[in-house]
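Asker: Encoded as structure tokens, here's the structure I'll be asking about.
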Amino acid sequence: MMVTKIFNNTKRAFALKNDSELKKSLYIFSMMNKGFLVAIGTRLTNLALKLHLPVEGIIKKTIFKMFCGGTSKEDCLPIIKEMHEMNVHSVLDFSSEGKEEEEQFDKALETKSGLVEFANKQEAIPFTVFKPTGIGSFAIWEKVSIKKELNKEEQKEWNRVVARVDEICQLAHQLDMRILADAEESWMQTAADDLLEEMMSKYNQEKVIVYNTLQCYRWDRLQYAKDLHKRAKNNGFKVGIKIVRGAYMEKENARAEKMGYPTPICEDKEATDVNFNTVIYYALQNLEDISLYIGTHNEVSTYLTMQLMEEKDIPKDDERIWFSQLFGMSDHISFNLGLNGYNAAKLVPFGPIRDVIPYLIRRAQENSSVKGQTGREYALLLEEKQRREGQFTKTMA
């Protein structure tokens, strides 16, 4: 029996957008659909920031408002409440990137810990998230990943990173709040994988608190998931995995070619899709040990998961399975999932506008490079606009 196709319901998908917001979204996605405009806009924005030009106002009214919940976690509460009324939860992400100083890492830990405590008081926020390189330098993650011997100062630095990760995971465990660790470039990910497995062994004894992220455009991630599961069974802890397709493909392939090693990336989009869907299948086969957080804008993978859940008689709202999309994108998936009883969440970035701009630029670049993504968003928004206009015409008649 096939699952009911639900993602074409634009009335539900865009219920939280008034007519003005709908038109603005249409305009932004039409621009993002043109890669050359994204490239030009990126260069101009970076130049304006370098020259300290007052561009925050323009950004706040356009892409910031569309892809971010606000400048502070309190700012995000109105939209969090509105989405929760439609059974879509929120995962707040303080999206300040590119920090390199120890004081900044300590401050980031303080911010992330505050988010765990804040989320614990909100029924609408079932997860928190942190970025490993947000609380430790990329260089130290890379050195530990390649097993390079650390000098005395580097060892102290790494010890501080471990302590920060442990502190935030321990707090999440104390408050019974699930926490997601982002994935990053492959050449620093081994250290993150090892450390997060250590955190799982400490804090996932009875239920899943800590989740690691698997980027499934890496051809080795299915085997990694299987090996992690085996170690978890042998050592008596449960596994939390967030799966995404991935965000650094061009960078990964370019580095592999430059440095002369085999690329860690699947040979093509189809191979990535197979890898992603196979990880889902493996996790659903082993739900007693694995909890799954599926970060995807792909309708086929989402329908496949729904189909597998139905075949295995897994309840739609089983707490071990969550679907997630980015705020401002794929509303047709998020809200139709939530309103049909599935566990649905939006990743909601927030932060000072100038600090969040790198995230917004990356979002625009990723969207313009994903084949068909912005076109699909635009088509659905246009369909909803036409539906509303038709409804208005009927009312007037």
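Residue numbering restarts at 1 for every chain of the structure tokens, chains are lettered A, B, ... in their displayed order, and ligands are numbered from 1 as they appear.
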Could you give me, as a VMD selection string, the residues within 12 Å of Asn8 of chain A, counting only C-alpha atoms and dropping anything in the same chain fewer than 3 positions from it?
Answerer: chain A and resid 4 to 5 11 to 14 299 330 to 337 376 to 377 379 to 381 383 to 384
Asker: Which residues come within 10 Å of segment 23-26 of chain A, counting only C-alpha atoms, excluding same-chain residues fewer than 6 positions away, as number ranges by chain?
Answerer: A: 17, 32, 61-63, 66, 328-329, 377-382, 385
Asker: Taking 5 positions as the minimum chain separation for residues in the same chain, which residues sit within 7 Å of segment 158-168 of chain A when counting only C-alpha atoms? Answer as a count of residues only.
Answerer: 6
Asker: As a PyMOL selection string, please: every residue in segment 86-184 of chain A that DSSP puts in strand (DSSP E).
Answerer: chain A and resi 88-94+127-130+178-181
Asker: Go ahead and write the selection's residues with C-alpha atoms as a PDB file, in the first residue's frame.
Answerer:
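selection.pdb written:
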ATOM      1  CA  VAL A  88       5.856  21.859  13.382  1.00  0.00           C
ATOM      2  CA  HIS A  89       8.561  22.099  16.039  1.00  0.00           C
ATOM      3  CA  SER A  90      11.654  24.297  16.062  1.00  0.00           C
ATOM      4  CA  VAL A  91      15.387  23.747  16.551  1.00  0.00           C
ATOM      5  CA  LEU A  92      17.120  27.048  17.318  1.00  0.00           C
ATOM      6  CA  ASP A  93      20.587  27.541  15.875  1.00  0.00           C
ATOM      7  CA  PHE A  94      22.748  30.514  16.803  1.00  0.00           C
ATOM      8  CA  PHE A 127      16.304  19.490  20.094  1.00  0.00           C
ATOM      9  CA  THR A 128      19.260  21.831  20.355  1.00  0.00           C
ATOM     10  CA  VAL A 129      22.275  21.964  18.053  1.00  0.00           C
ATOM     11  CA  PHE A 130      25.944  22.921  18.136  1.00  0.00           C
ATOM     12  CA  ARG A 178      18.347  16.010  22.803  1.00  0.00           C
ATOM     13  CA  ILE A 179      21.351  17.651  21.154  1.00  0.00           C
ATOM     14  CA  LEU A 180      22.539  17.500  17.537  1.00  0.00           C
ATOM     15  CA  ALA A 181      26.175  17.987  16.508  1.00  0.00           C
TER      16      ALA A 181
END
Asker: Measure the distance from atom CA of Leu222 of chain A to atom CA of Thr278 of chain A in Å and round it to one decimal.
Answerer: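 Result for atom CA of Leu222 of chain A versus atom CA of Thr278 of chain A: 7.4 Å, one decimal.
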Asker: Could you list, as a PyMOL selection string, every residue within 8 Å of Thr296 of chain A, counting only C-alpha atoms and ignoring same-chain residues fewer than 2 positions away?
Answerer: chain A and resi 244-245+294+298+301-302+323-325
Asker: Tell me, as a PDB file with N, CA and C atoms, in the first residue's frame, which residues lie within 6 Å of Cys266 of chain A, counting only C-alpha atoms; anything in the same chain fewer than 6 positions away does not count.
Answerer:
ATOM      1  N   TYR A 217      26.572  12.262   1.250  1.00  0.00           N
ATOM      2  CA  TYR A 217      27.296  12.319  -0.020  1.00  0.00           C
ATOM      3  C   TYR A 217      28.691  11.724   0.140  1.00  0.00           C
ATOM      4  N   ARG A 218      29.050  11.383   1.362  1.00  0.00           N
ATOM      5  CA  ARG A 218      30.275  10.620   1.604  1.00  0.00           C
ATOM      6  C   ARG A 218      29.957   9.129   1.458  1.00  0.00           C
ATOM      7  N   TRP A 219      30.684   8.441   0.588  1.00  0.00           N
ATOM      8  CA  TRP A 219      30.372   7.049   0.288  1.00  0.00           C
ATOM      9  C   TRP A 219      30.631   6.100   1.462  1.00  0.00           C
ATOM     10  N   THR A 272      24.548   9.331  -4.193  1.00  0.00           N
ATOM     11  CA  THR A 272      24.278   9.982  -2.899  1.00  0.00           C
ATOM     12  C   THR A 272      22.873   9.655  -2.426  1.00  0.00           C
TER      13      THR A 272
END
Asker: Using only C-alpha atoms, which residue out of A:Cys169, A:Met86, A:Met188, A:Met177 lies closest to Lys143 of chain A?
Answerer: A:Met188
Asker: In Å, rounded to a single decimal, give me how far atom CA of Thr133 of chain A is from atom CA of Lys65 of chain A.
Answerer: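 Atom CA of Thr133 of chain A lies at a distance of 25.8 Å from atom CA of Lys65 of chain A.
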Asker: With only C-alpha atoms as the atoms that count, which of A:Asn234, A:Thr10, A:Gln223, A:Asn204 lies nearest to Tyr282 of chain A?
Answerer: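 Ranking A:Asn234, A:Thr10, A:Gln223, A:Asn204 by distance to Tyr282 of chain A, first place goes to A:Gln223.
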Asker: Just the alpha helix (DSSP H) stuff from segment 176-272 of chain A, please, per backbone DSSP, written as a PyMOL selection string.
Answerer: chain A and resi 186-203+221-235+249-259+269-272
Asker: Let me see the file: selected residues, C-alpha atoms, as a PDB file, in the first residue's frame.
Answerer:
ATOM      1  CA  SER A 186      35.833  15.275   6.072  1.00  0.00           C
ATOM      2  CA  TRP A 187      39.364  16.222   7.111  1.00  0.00           C
ATOM      3  CA  MET A 188      38.181  17.286  10.574  1.00  0.00           C
ATOM      4  CA  GLN A 189      35.243  14.900  10.929  1.00  0.00           C
ATOM      5  CA  THR A 190      37.099  11.859  12.280  1.00  0.00           C
ATOM      6  CA  ALA A 191      37.922  13.684  15.522  1.00  0.00           C
ATOM      7  CA  ALA A 192      34.288  14.787  15.811  1.00  0.00           C
ATOM      8  CA  ASP A 193      33.026  11.260  15.128  1.00  0.00           C
ATOM      9  CA  ASP A 194      35.284   9.794  17.809  1.00  0.00           C
ATOM     10  CA  LEU A 195      34.457  12.431  20.400  1.00  0.00           C
ATOM     11  CA  LEU A 196      30.716  12.254  19.784  1.00  0.00           C
ATOM     12  CA  GLU A 197      30.811   8.474  20.054  1.00  0.00           C
ATOM     13  CA  GLU A 198      32.468   8.968  23.429  1.00  0.00           C
ATOM     14  CA  MET A 199      29.628  11.339  24.392  1.00  0.00           C
ATOM     15  CA  MET A 200      27.037   8.779  23.257  1.00  0.00           C
ATOM     16  CA  SER A 201      28.680   6.106  25.372  1.00  0.00           C
ATOM     17  CA  LYS A 202      28.391   8.431  28.408  1.00  0.00           C
ATOM     18  CA  TYR A 203      24.979   9.990  27.866  1.00  0.00           C
ATOM     19  CA  ARG A 221      28.848   6.851   5.852  1.00  0.00           C
ATOM     20  CA  LEU A 222      26.658   3.727   5.575  1.00  0.00           C
ATOM     21  CA  GLN A 223      29.528   1.538   6.726  1.00  0.00           C
ATOM     22  CA  TYR A 224      30.336   4.059   9.447  1.00  0.00           C
ATOM     23  CA  ALA A 225      26.717   3.856  10.695  1.00  0.00           C
ATOM     24  CA  LYS A 226      26.862   0.060  10.743  1.00  0.00           C
ATOM     25  CA  ASP A 227      30.201   0.014  12.577  1.00  0.00           C
ATOM     26  CA  LEU A 228      29.001   2.592  15.104  1.00  0.00           C
ATOM     27  CA  HIS A 229      25.860   0.539  15.721  1.00  0.00           C
ATOM     28  CA  LYS A 230      27.940  -2.583  16.299  1.00  0.00           C
ATOM     29  CA  ARG A 231      30.196  -0.802  18.805  1.00  0.00           C
ATOM     30  CA  ALA A 232      27.137   0.661  20.544  1.00  0.00           C
ATOM     31  CA  LYS A 233      25.589  -2.790  20.995  1.00  0.00           C
ATOM     32  CA  ASN A 234      28.862  -4.166  22.322  1.00  0.00           C
ATOM     33  CA  ASN A 235      29.307  -1.270  24.756  1.00  0.00           C
ATOM     34  CA  MET A 249      30.827  18.791  -2.138  1.00  0.00           C
ATOM     35  CA  GLU A 250      32.737  21.246  -4.337  1.00  0.00           C
ATOM     36  CA  LYS A 251      35.253  21.958  -1.568  1.00  0.00           C
ATOM     37  CA  GLU A 252      35.739  18.231  -0.850  1.00  0.00           C
ATOM     38  CA  ASN A 253      36.305  17.289  -4.497  1.00  0.00           C
ATOM     39  CA  ALA A 254      38.652  20.222  -5.123  1.00  0.00           C
ATOM     40  CA  ARG A 255      40.796  19.397  -2.081  1.00  0.00           C
ATOM     41  CA  ALA A 256      40.977  15.704  -2.987  1.00  0.00           C
ATOM     42  CA  GLU A 257      42.111  16.544  -6.518  1.00  0.00           C
ATOM     43  CA  LYS A 258      44.639  19.120  -5.342  1.00  0.00           C
ATOM     44  CA  MET A 259      46.167  16.838  -2.710  1.00  0.00           C
ATOM     45  CA  LYS A 269      23.784  12.606  -7.184  1.00  0.00           C
ATOM     46  CA  GLU A 270      22.111   9.233  -7.757  1.00  0.00           C
ATOM     47  CA  ALA A 271      24.752   7.428  -5.692  1.00  0.00           C
ATOM     48  CA  THR A 272      24.278   9.982  -2.899  1.00  0.00           C
TER      49      THR A 272
END
Asker: Got a sec: who's within 10 Å of segment 73-77 of chain A, counting only C-alpha atoms, leaving out chain neighbours fewer than 3 positions off, as a ChimeraX atom specification?
Answerer: /A:68-70,80-83,90,92-94,114-115,118-119,122,124,348-351
Asker: Which residue gives the smallest distance to Asp355 of chain A among A:Asp182, A:Glu56, A:Asp176, A:Glu117, with only C-alpha atoms counted?
Answerer: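 Once distances to Asp355 of chain A are computed over only C-alpha atoms, the minimum belongs to A:Glu56.
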Asker: In Å, how far is it from atom CA of Val208 of chain A to atom CA of Phe276 of chain A?
Answerer: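 Interatomic distance here is 21.0 Å.
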Asker: Give the answer as one residue: which of A:Gly338, A:Gly134, A:Gly390, A:Gly375 has the shortest atom-to-atom distance to Met31 of chain A, using only C-alpha atoms?
Answerer: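 Looking only at the distances to Met31 of chain A, the closest residue turns out to be A:Gly375.
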Asker: Any idea what's packed within 8 Å of Trp322 of chain A, counting only C-alpha atoms, ignoring anything in its chain fewer than 6 positions away? Could you give it as number ranges by chain?
Answerer: A: 292-294, 342-345
